[in-house]
Amino acid sequence: INTDAFSLLTEIEEVVIPNSVVSIRSSAFYKCINLKKITIGAGVSSISSEAFLKNTSIESISVDDGNEKYSSKDGVLFNKNKTKLIMFPCGNSATEYVIPDGVKTIGANAFKYCTNLKNIKMPDSLKKIEEHAFSNCEKLTDVKLPDGVTSIGMYAFEKCTSLLDIEIPESVTVLGGNAFYECSNLNSVTFYNPQTEIEWFGCTVPDNAVIYGYRGSTALNFALTFEKEFVLLKNPNKVTAGKCGENLTWEKDDDGTLYIRGKGKMSFLPDEPTWKDDYRDEITTVIIEEGVTSIVDFAFENCINLKSITIPDSVTKIGPEAFFNCQKLEEITLPSSIKEIKENCF
């Protein structure tokens, strides 16, 4: 059945696809606004995600038991083994729907224009939400994304105008462009993965929503780039100590004092946490103990509340921009051992 074959035919109330049909292409039954029931024959192996688009009266979809590609349950269209939800009938009067356990993917346009739905319960098995999956679900208020979801497609929640808050779990690695486009009442979007790839569209998160995320996160970069309001989350997994050189360690106590101990050069090591990850704003005092021989480049950059620092006689070098933008630092006593102070240090 070709593209636009029966589009805009408002007289159609029921469609029975015979076993001889193999594919149903895009917009084949577009905006048949009185279409209520669809029966899909055994031979159909390809259905475009836009084949039945903008049909808000469809109440049920059934599939011949002999079909090897598709199946249905309670009037909802799935792939054969029910790991992908393909189409929810928008004419269904239900205000809540529980997606069955085992579903891994919510397909493109799966719930588009389902204007009756208020609540969706997603299973722990869910991994992927494809583009436009919930577009124009204007009454949808309650969405809890399970921890296993890894990607959310473009325009996934476009024009969900009743959606108030959304939390993006740590498992999500990709948030598609304009995912929350024109969600006019969205208050907040919280990102729990500091590395979630946010596709760079200014309307991915609307201006009315506050972005919550961690320091140094992609969420913060996104907020800064598009001038969105941002609130810093406290990292529950942050550490208070670590290595800052082959033979050096650091430790921060509760009153904002940072201790650096050991012997040798200070350095930031790959895959090692630093005080800059979570504590840059909290540090008020730095005590470098005897044995440390250098202060690494950018060591205390943007520690805006740093007021005092103790530098021992063992230090001979201070790297570039080591104290850049330390706005409250009023005085430093440099020992006579210092032989090198690099550019923009202060």
# chains A, B, ... in the order shown; residues from 1 in each chain; ligands from 1

call {"tool": "residues_around", "arguments": {"residues": "A:Ala133", "least_positions_apart": "5", "cutoff": "8 Å", "atoms": "only C-alpha atoms", "output": "VMD selection string"}}
result
chain A and resid 106 to 112 153 155 to 157

call {"tool": "write_last_selection", "arguments": {"atoms": "N, CA and C atoms", "output": "PDB file, in the first residue's frame"}}
result
ATOM      1  N   ILE A 106      10.471   1.856  22.614  1.00  0.00           N
ATOM      2  CA  ILE A 106       9.221   2.526  22.242  1.00  0.00           C
ATOM      3  C   ILE A 106       9.481   3.170  20.893  1.00  0.00           C
ATOM      4  N   GLY A 107       8.758   2.723  19.871  1.00  0.00           N
ATOM      5  CA  GLY A 107       9.051   3.113  18.501  1.00  0.00           C
ATOM      6  C   GLY A 107       8.718   4.561  18.177  1.00  0.00           C
ATOM      7  N   ALA A 108       9.228   5.014  17.050  1.00  0.00           N
ATOM      8  CA  ALA A 108       8.955   6.364  16.566  1.00  0.00           C
ATOM      9  C   ALA A 108       7.457   6.566  16.406  1.00  0.00           C
ATOM     10  N   ASN A 109       6.949   7.678  16.909  1.00  0.00           N
ATOM     11  CA  ASN A 109       5.529   8.062  16.787  1.00  0.00           C
ATOM     12  C   ASN A 109       4.576   7.121  17.524  1.00  0.00           C
ATOM     13  N   ALA A 110       5.095   6.258  18.398  1.00  0.00           N
ATOM     14  CA  ALA A 110       4.270   5.204  19.002  1.00  0.00           C
ATOM     15  C   ALA A 110       3.053   5.744  19.740  1.00  0.00           C
ATOM     16  N   PHE A 111       3.203   6.848  20.470  1.00  0.00           N
ATOM     17  CA  PHE A 111       2.092   7.432  21.233  1.00  0.00           C
ATOM     18  C   PHE A 111       1.725   8.827  20.705  1.00  0.00           C
ATOM     19  N   LYS A 112       2.195   9.180  19.550  1.00  0.00           N
ATOM     20  CA  LYS A 112       1.970  10.529  19.044  1.00  0.00           C
ATOM     21  C   LYS A 112       0.472  10.829  18.912  1.00  0.00           C
ATOM     22  N   GLY A 153      15.068   9.841  21.752  1.00  0.00           N
ATOM     23  CA  GLY A 153      15.164  10.375  20.407  1.00  0.00           C
ATOM     24  C   GLY A 153      14.725  11.825  20.268  1.00  0.00           C
ATOM     25  N   TYR A 155      12.677  15.074  19.494  1.00  0.00           N
ATOM     26  CA  TYR A 155      11.267  15.440  19.653  1.00  0.00           C
ATOM     27  C   TYR A 155      10.472  14.381  20.422  1.00  0.00           C
ATOM     28  N   ALA A 156      11.134  13.594  21.244  1.00  0.00           N
ATOM     29  CA  ALA A 156      10.461  12.475  21.917  1.00  0.00           C
ATOM     30  C   ALA A 156       9.261  12.906  22.733  1.00  0.00           C
ATOM     31  N   PHE A 157       9.361  14.063  23.418  1.00  0.00           N
ATOM     32  CA  PHE A 157       8.256  14.561  24.254  1.00  0.00           C
ATOM     33  C   PHE A 157       7.780  15.934  23.769  1.00  0.00           C
TER      34      PHE A 157
END

call {"tool": "select_by_dssp", "arguments": {"residues": "stretch 5-253 of chain A", "states": "strand (DSSP E or B)", "output": "ChimeraX atom specification"}}
result
/A:14-16,23-24,37-40,46-47,60-63,70-73,76-79,84-87,96-98,105-106,119-121,128-129,142-144,151-152,165-168,174-175,188-191,197-198,210-213,230-232,241-245,248-252

call {"tool": "residues_around", "arguments": {"residues": "A:Asn302", "least_positions_apart": "6", "cutoff": "10 Å", "atoms": "only C-alpha atoms", "output": "list in words"}}
result
Lys276, Arg280, Asp281, Glu321, Ala322, Phe323, Phe324, Asn325, Cys326 and Gln327 of chain A

call {"tool": "residues_around", "arguments": {"residues": "A:Val286", "least_positions_apart": "4", "cutoff": "8 Å", "atoms": "only C-alpha atoms", "output": "JSON, numbers by chain"}}
result
{"A": [257, 258, 259, 260, 306, 308, 309, 310]}

call {"tool": "select_by_dssp", "arguments": {"residues": "stretch 133-242 of chain A", "states": "helix (DSSP H, G or I)", "output": "list in words"}}
result
Thr218, Ala219, Leu220, Asn221, Phe222, Ala223, Leu224 and Thr225 of chain A

call {"tool": "residues_around", "arguments": {"residues": "stretch 141-149 of chain A", "least_positions_apart": "5", "cutoff": "6 Å", "atoms": "only C-alpha atoms", "output": "PyMOL selection string"}}
result
chain A and resi 118-120+124+126-128+162-163+169+171-172

call {"tool": "write_last_selection", "arguments": {"atoms": "C-alpha atoms", "output": "PDB file, in the first residue's frame"}}
result
ATOM      1  CA  LYS A 118      -2.065  11.233  31.532  1.00  0.00           C
ATOM      2  CA  ASN A 119       0.239   8.586  33.000  1.00  0.00           C
ATOM      3  CA  ILE A 120       2.656   6.129  31.407  1.00  0.00           C
ATOM      4  CA  ASP A 124      12.662  -1.748  33.772  1.00  0.00           C
ATOM      5  CA  LEU A 126      13.162  -0.354  28.471  1.00  0.00           C
ATOM      6  CA  LYS A 127      16.359   0.770  26.709  1.00  0.00           C
ATOM      7  CA  LYS A 128      15.347   3.163  23.931  1.00  0.00           C
ATOM      8  CA  SER A 162       1.209  19.165  30.837  1.00  0.00           C
ATOM      9  CA  LEU A 163       4.595  17.655  31.635  1.00  0.00           C
ATOM     10  CA  PRO A 169      18.624   8.779  34.682  1.00  0.00           C
ATOM     11  CA  SER A 171      21.950   5.340  32.180  1.00  0.00           C
ATOM     12  CA  VAL A 172      20.948   7.813  29.428  1.00  0.00           C
TER      13      VAL A 172
END

call {"tool": "closest_residue", "arguments": {"among": "A:Lys31, A:Lys54, A:Lys263, A:Arg215", "to": "A:Val292", "atoms": "only C-alpha atoms"}}
result
A:Lys263

call {"tool": "residues_around", "arguments": {"residues": "A:Asp271", "least_positions_apart": "4", "cutoff": "12 Å", "atoms": "only C-alpha atoms", "output": "PyMOL selection string"}}
result
chain A and resi 242-244+277

call {"tool": "residues_around", "arguments": {"residues": "A:Glu167", "least_positions_apart": "6", "cutoff": "7 Å", "atoms": "only C-alpha atoms", "output": "number ranges by chain"}}
result
A: 189-191

call {"tool": "write_last_selection", "arguments": {"atoms": "N, CA and C atoms", "output": "compact mmCIF listing (two decimals), in the first residue's frame"}}
result
# COMPACT_ATOMS: atom_id res chain seq x y z
N VAL A 189 14.41 19.90 34.28
CA VAL A 189 14.98 18.69 33.68
C VAL A 189 16.26 18.40 34.46
N THR A 190 16.33 17.22 35.07
CA THR A 190 17.48 16.86 35.90
C THR A 190 18.30 15.78 35.22
N PHE A 191 19.60 16.04 35.09
CA PHE A 191 20.52 15.10 34.45
C PHE A 191 21.39 14.44 35.52

call {"tool": "closest_residue", "arguments": {"among": "A:Phe201, A:Phe268, A:Tyr192, A:Phe346", "to": "A:Ala219", "atoms": "only C-alpha atoms"}}
result
A:Tyr192

call {"tool": "atom_distance", "arguments": {"atom1": "atom CA of A:Glu96", "atom2": "atom CA of A:Ile166"}}
result
17.6 Å

call {"tool": "decode", "arguments": {"residues": "stretch 269-313 of chain A", "atoms": "N, CA and C atoms", "output": "CSV table (one decimal), in the first residue's frame"}}
result
chain,number,residue,atom,x,y,z
A,269,LEU,N,46.3,13.2,37.5
A,269,LEU,CA,46.5,11.9,36.9
A,269,LEU,C,45.2,11.5,36.1
A,270,PRO,N,45.3,10.9,35.0
A,270,PRO,CA,44.1,10.4,34.3
A,270,PRO,C,43.3,9.4,35.1
A,271,ASP,N,42.0,9.5,35.1
A,271,ASP,CA,41.1,8.7,35.8
A,271,ASP,C,41.2,8.8,37.3
A,272,GLU,N,41.9,9.8,37.8
A,272,GLU,CA,41.9,10.1,39.2
A,272,GLU,C,41.0,11.3,39.6
A,273,PRO,N,40.2,11.3,40.6
A,273,PRO,CA,39.4,12.4,40.9
A,273,PRO,C,40.2,13.5,41.5
A,274,THR,N,39.8,14.8,41.3
A,274,THR,CA,40.6,15.9,41.9
A,274,THR,C,39.6,16.8,42.7
A,275,TRP,N,40.2,17.6,43.5
A,275,TRP,CA,39.3,18.6,44.3
A,275,TRP,C,38.5,19.5,43.3
A,276,LYS,N,39.0,19.6,42.1
A,276,LYS,CA,38.3,20.5,41.2
A,276,LYS,C,37.0,20.0,40.7
A,277,ASP,N,36.9,18.6,40.7
A,277,ASP,CA,35.6,18.0,40.2
A,277,ASP,C,34.4,18.5,41.0
A,278,ASP,N,34.5,18.5,42.3
A,278,ASP,CA,33.3,18.7,43.1
A,278,ASP,C,33.5,19.8,44.2
A,279,TYR,N,34.7,20.2,44.5
A,279,TYR,CA,34.9,21.1,45.7
A,279,TYR,C,35.5,22.5,45.4
A,280,ARG,N,35.6,22.8,44.1
A,280,ARG,CA,36.2,24.1,43.7
A,280,ARG,C,35.6,25.3,44.5
A,281,ASP,N,34.3,25.3,44.7
A,281,ASP,CA,33.7,26.4,45.4
A,281,ASP,C,33.8,26.3,46.9
A,282,GLU,N,34.1,25.1,47.4
A,282,GLU,CA,34.0,24.9,48.9
A,282,GLU,C,35.4,25.1,49.6
A,283,ILE,N,36.4,25.1,48.8
A,283,ILE,CA,37.8,25.2,49.4
A,283,ILE,C,38.0,26.6,49.9
A,284,THR,N,38.4,26.7,51.2
A,284,THR,CA,38.7,28.0,51.8
A,284,THR,C,40.2,28.1,52.2
A,285,THR,N,40.8,27.0,52.5
A,285,THR,CA,42.2,26.9,52.9
A,285,THR,C,42.9,25.8,52.2
A,286,VAL,N,44.1,26.0,51.8
A,286,VAL,CA,45.0,24.9,51.3
A,286,VAL,C,46.2,24.9,52.1
A,287,ILE,N,46.6,23.6,52.5
A,287,ILE,CA,47.8,23.4,53.3
A,287,ILE,C,48.6,22.4,52.5
A,288,ILE,N,49.7,22.8,51.9
A,288,ILE,CA,50.6,22.0,51.2
A,288,ILE,C,51.7,21.6,52.2
A,289,GLU,N,51.9,20.3,52.4
A,289,GLU,CA,52.9,19.9,53.4
A,289,GLU,C,54.3,19.7,52.8
A,290,GLU,N,55.3,19.7,53.7
A,290,GLU,CA,56.7,19.6,53.3
A,290,GLU,C,56.9,18.3,52.5
A,291,GLY,N,57.7,18.4,51.4
A,291,GLY,CA,57.9,17.3,50.6
A,291,GLY,C,57.4,17.5,49.2
A,292,VAL,N,56.3,18.3,49.0
A,292,VAL,CA,55.8,18.6,47.7
A,292,VAL,C,56.7,19.6,47.0
A,293,THR,N,57.1,19.3,45.7
A,293,THR,CA,58.1,20.1,45.1
A,293,THR,C,57.6,21.1,44.0
A,294,SER,N,56.3,20.9,43.6
A,294,SER,CA,55.7,21.8,42.6
A,294,SER,C,54.2,21.9,42.8
A,295,ILE,N,53.7,23.0,42.3
A,295,ILE,CA,52.2,23.2,42.2
A,295,ILE,C,51.8,23.2,40.7
A,296,VAL,N,51.0,22.2,40.4
A,296,VAL,CA,50.6,21.9,39.0
A,296,VAL,C,49.9,23.0,38.3
A,297,ASP,N,50.0,23.1,37.0
A,297,ASP,CA,49.2,24.1,36.2
A,297,ASP,C,47.7,24.0,36.6
A,298,PHE,N,47.1,25.2,36.7
A,298,PHE,CA,45.7,25.4,36.9
A,298,PHE,C,45.3,24.7,38.3
A,299,ALA,N,46.2,24.5,39.2
A,299,ALA,CA,45.9,23.8,40.4
A,299,ALA,C,44.7,24.3,41.2
A,300,PHE,N,44.6,25.6,41.4
A,300,PHE,CA,43.5,26.1,42.2
A,300,PHE,C,42.7,27.1,41.4
A,301,GLU,N,42.7,27.0,40.1
A,301,GLU,CA,42.0,27.9,39.2
A,301,GLU,C,40.5,27.9,39.6
A,302,ASN,N,40.0,29.1,39.7
A,302,ASN,CA,38.5,29.3,40.0
A,302,ASN,C,38.1,28.8,41.3
A,303,CYS,N,39.0,28.7,42.3
A,303,CYS,CA,38.7,28.4,43.6
A,303,CYS,C,38.3,29.7,44.3
A,304,ILE,N,37.1,30.2,44.0
A,304,ILE,CA,36.7,31.6,44.3
A,304,ILE,C,36.5,31.9,45.7
A,305,ASN,N,36.5,30.9,46.6
A,305,ASN,CA,36.4,31.1,48.0
A,305,ASN,C,37.7,30.8,48.8
A,306,LEU,N,38.8,30.5,48.1
A,306,LEU,CA,40.1,30.3,48.7
A,306,LEU,C,40.6,31.6,49.3
A,307,LYS,N,40.9,31.5,50.6
A,307,LYS,CA,41.4,32.7,51.4
A,307,LYS,C,42.8,32.6,51.8
A,308,SER,N,43.3,31.4,52.1
A,308,SER,CA,44.7,31.3,52.5
A,308,SER,C,45.3,30.0,52.0
A,309,ILE,N,46.6,30.0,51.8
A,309,ILE,CA,47.4,28.8,51.4
A,309,ILE,C,48.7,28.8,52.0
A,310,THR,N,49.2,27.6,52.4
A,310,THR,CA,50.5,27.4,53.0
A,310,THR,C,51.4,26.7,52.0
A,311,ILE,N,52.5,27.3,51.7
A,311,ILE,CA,53.4,26.7,50.7
A,311,ILE,C,54.7,26.4,51.4
A,312,PRO,N,55.2,25.1,51.4
A,312,PRO,CA,56.4,24.8,52.2
A,312,PRO,C,57.7,25.1,51.4
A,313,ASP,N,58.8,25.0,52.1
A,313,ASP,CA,60.1,25.3,51.6
A,313,ASP,C,60.5,24.3,50.5
